[in-house]
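> After the structure tokens below, expect a handful of questions from me.
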Amino acid sequence: MSAPDSIPSAFVKHQLPGRVRLKIPEKKGDFRYFDRVADVFAGSQGITQLQLNPPAASVLISHRDDISFQHIVEFAENNGLFRLTEKPEDYEPLTLPNLPIATLSSIGLDRVDDSLLNLSKNRLDNRSVLFLTLIGLAIHQIARGNIMAPAASLLWYALELLEKENEISFEIEKQHESDQ
């Protein structure tokens with residue numbers, strides 16, 4: 001159990017009978033914290049579903065009608081997960097900035113890339129997923145007998161990705177050598 005001062009604050013975003021969405025702003029993006037929430041609530045009687053969204057700092061809890069929300073709050077606080085508070089006055093929900101679609105898409109892809117790297121312990125990124133997808137699609141096209149047009153194009157794109165990755169790796173190695 002955590003010390004009382006280290007328990008994060010949560011507030012009710014919306015609530016219906018048997019369902020409540022909580023926001024825990026100070027734990028936004030903290031995947032370890034939300035994994036712990038899942039582990040602790042797995043041992044809670046009456047919780048029928050738990051949906052966690054670390055990037056949005058939210059927890060959606062569905063519970064049986066015979067379990068009060070207050071019981072869930074007490075369980076969470078006793079286990080050091082969160083303490084229920086009023087919605088902070090300075091809380092502002094995430095809004096999209098007034099940026100071009102291409103810029104917003106790039107920001108979104110960067111976030112996906114960071115999440116993939118985090119989840120795969122730095123072994124898988126967007127480029128890797130795209131490479132594997134292109135190879136898989138090429139194999140699929142070859143199996144269907146479409147060797148020249150679709151398969152060749154897909155393999156070409158996959159090899160282009162590898163070439164760019166090799167250029168990046170070479171530049172990193174060169175920079176590392178010059179730093180030493």
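In the structure tokens, chains take letters A, B, ... by order of appearance, with residues numbered from 1 within each chain and ligands from 1 in the order shown.
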Identify all residues of chain A in strand (DSSP E or B) (DSSP on the backbone) and supply them as a PyMOL selection string.
chain A and resi 9-16+19-23+47-53+58-63+83-84
> With a distance cut-off of 10 Å and only C-alpha atoms, select the neighbouring residues of A:Asn79, excluding the residue or stretch itself and same-chain residues fewer than 2 positions from it, and output the selection as a PDB file with C-alpha atoms, in the first residue's frame.

ATOM      1  CA  MET A   1       0.000   0.000   0.000  1.00  0.00           C
ATOM      2  CA  SER A   2       1.236   3.471  -0.865  1.00  0.00           C
ATOM      3  CA  ILE A   7      -1.905   8.188  -3.955  1.00  0.00           C
ATOM      4  CA  VAL A  37      -4.677  -0.909 -11.534  1.00  0.00           C
ATOM      5  CA  VAL A  40      -5.401  -4.930  -8.202  1.00  0.00           C
ATOM      6  CA  PHE A  41      -8.931  -4.702  -9.616  1.00  0.00           C
ATOM      7  CA  VAL A  73     -13.571   3.919  -4.269  1.00  0.00           C
ATOM      8  CA  GLU A  74     -12.717   2.566  -0.800  1.00  0.00           C
ATOM      9  CA  PHE A  75     -11.172  -0.567  -2.341  1.00  0.00           C
ATOM     10  CA  ALA A  76      -9.024   1.579  -4.657  1.00  0.00           C
ATOM     11  CA  GLU A  77      -7.897   3.904  -1.876  1.00  0.00           C
ATOM     12  CA  LEU A  81      -4.567   3.164  -6.456  1.00  0.00           C
ATOM     13  CA  PHE A  82      -6.326   6.515  -6.247  1.00  0.00           C
TER      14      PHE A  82
END
> Please provide as a count of residues only all residues within 9 Å of stretch 52-54 of chain A, with the sequence filter that same-chain residues fewer than 2 positions apart are discarded (counting only C-alpha atoms).
17
> Go through A:Val112, A:Leu117, A:Ile107, A:Leu154 and flag the residue nearest A:Thr133, using only C-alpha atoms for the distances.
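Smallest distance to A:Thr133 is found for A:Leu154.
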> Taking the DSSP assignment computed from this structure's backbone, write out as a PyMOL selection string all residues of stretch 89-159 of chain A that belong to alpha helix (DSSP H).
chain A and resi 101-119+126-143+152-159
> Can you pull out the residues contacting A:Gly136? Cut-off 12 Å, using only C-alpha atoms, and skip same-chain residues under 3 positions away; I want them as a list in words.
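So, after excluding close chain neighbours, the residues are Val129, Leu130, Phe131, Leu132, Thr133, Ile139, His140, Gln141, Ile142, Ala143, Pro150, Ala151, Leu154, Leu155 and Ala158 of chain A.
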> For A:Pro17, please output as a ChimeraX atom specification all residues within 10 Å (counting only C-alpha atoms; exclusion window: fewer than 2 positions along the same chain).
/A:15,19-20,62-65,68-69
> For the residues in the current selection, export N, CA and C atoms as an mmCIF file, in the first residue's frame.

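File produced: selection11.cif:
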data_model
loop_
_atom_site.group_PDB
_atom_site.id
_atom_site.type_symbol
_atom_site.label_atom_id
_atom_site.label_comp_id
_atom_site.auth_asym_id
_atom_site.auth_seq_id
_atom_site.Cartn_x
_atom_site.Cartn_y
_atom_site.Cartn_z
ATOM 1 N N GLN A 15 -20.826 9.058 -15.082
ATOM 2 C CA GLN A 15 -21.262 7.904 -14.306
ATOM 3 C C GLN A 15 -22.692 7.542 -14.683
ATOM 4 N N ARG A 19 -21.722 1.669 -14.016
ATOM 5 C CA ARG A 19 -20.605 2.051 -14.892
ATOM 6 C C ARG A 19 -20.121 3.446 -14.520
ATOM 7 N N VAL A 20 -18.787 3.599 -14.452
ATOM 8 C CA VAL A 20 -18.217 4.903 -14.146
ATOM 9 C C VAL A 20 -16.887 5.060 -14.889
ATOM 10 N N SER A 62 -16.986 -1.132 -15.049
ATOM 11 C CA SER A 62 -18.354 -1.639 -15.032
ATOM 12 C C SER A 62 -18.452 -2.563 -13.834
ATOM 13 N N HIS A 63 -19.558 -2.447 -13.091
ATOM 14 C CA HIS A 63 -19.685 -3.237 -11.869
ATOM 15 C C HIS A 63 -21.115 -3.733 -11.695
ATOM 16 N N ARG A 64 -21.245 -4.770 -10.892
ATOM 17 C CA ARG A 64 -22.574 -5.313 -10.593
ATOM 18 C C ARG A 64 -23.389 -4.259 -9.853
ATOM 19 N N ASP A 65 -24.706 -4.357 -9.995
ATOM 20 C CA ASP A 65 -25.603 -3.395 -9.343
ATOM 21 C C ASP A 65 -25.560 -3.490 -7.830
ATOM 22 N N SER A 68 -21.669 -0.962 -4.584
ATOM 23 C CA SER A 68 -21.780 0.502 -4.668
ATOM 24 C C SER A 68 -20.469 1.094 -5.200
ATOM 25 N N PHE A 69 -20.612 2.241 -5.838
ATOM 26 C CA PHE A 69 -19.432 2.953 -6.317
ATOM 27 C C PHE A 69 -18.526 3.319 -5.145
#
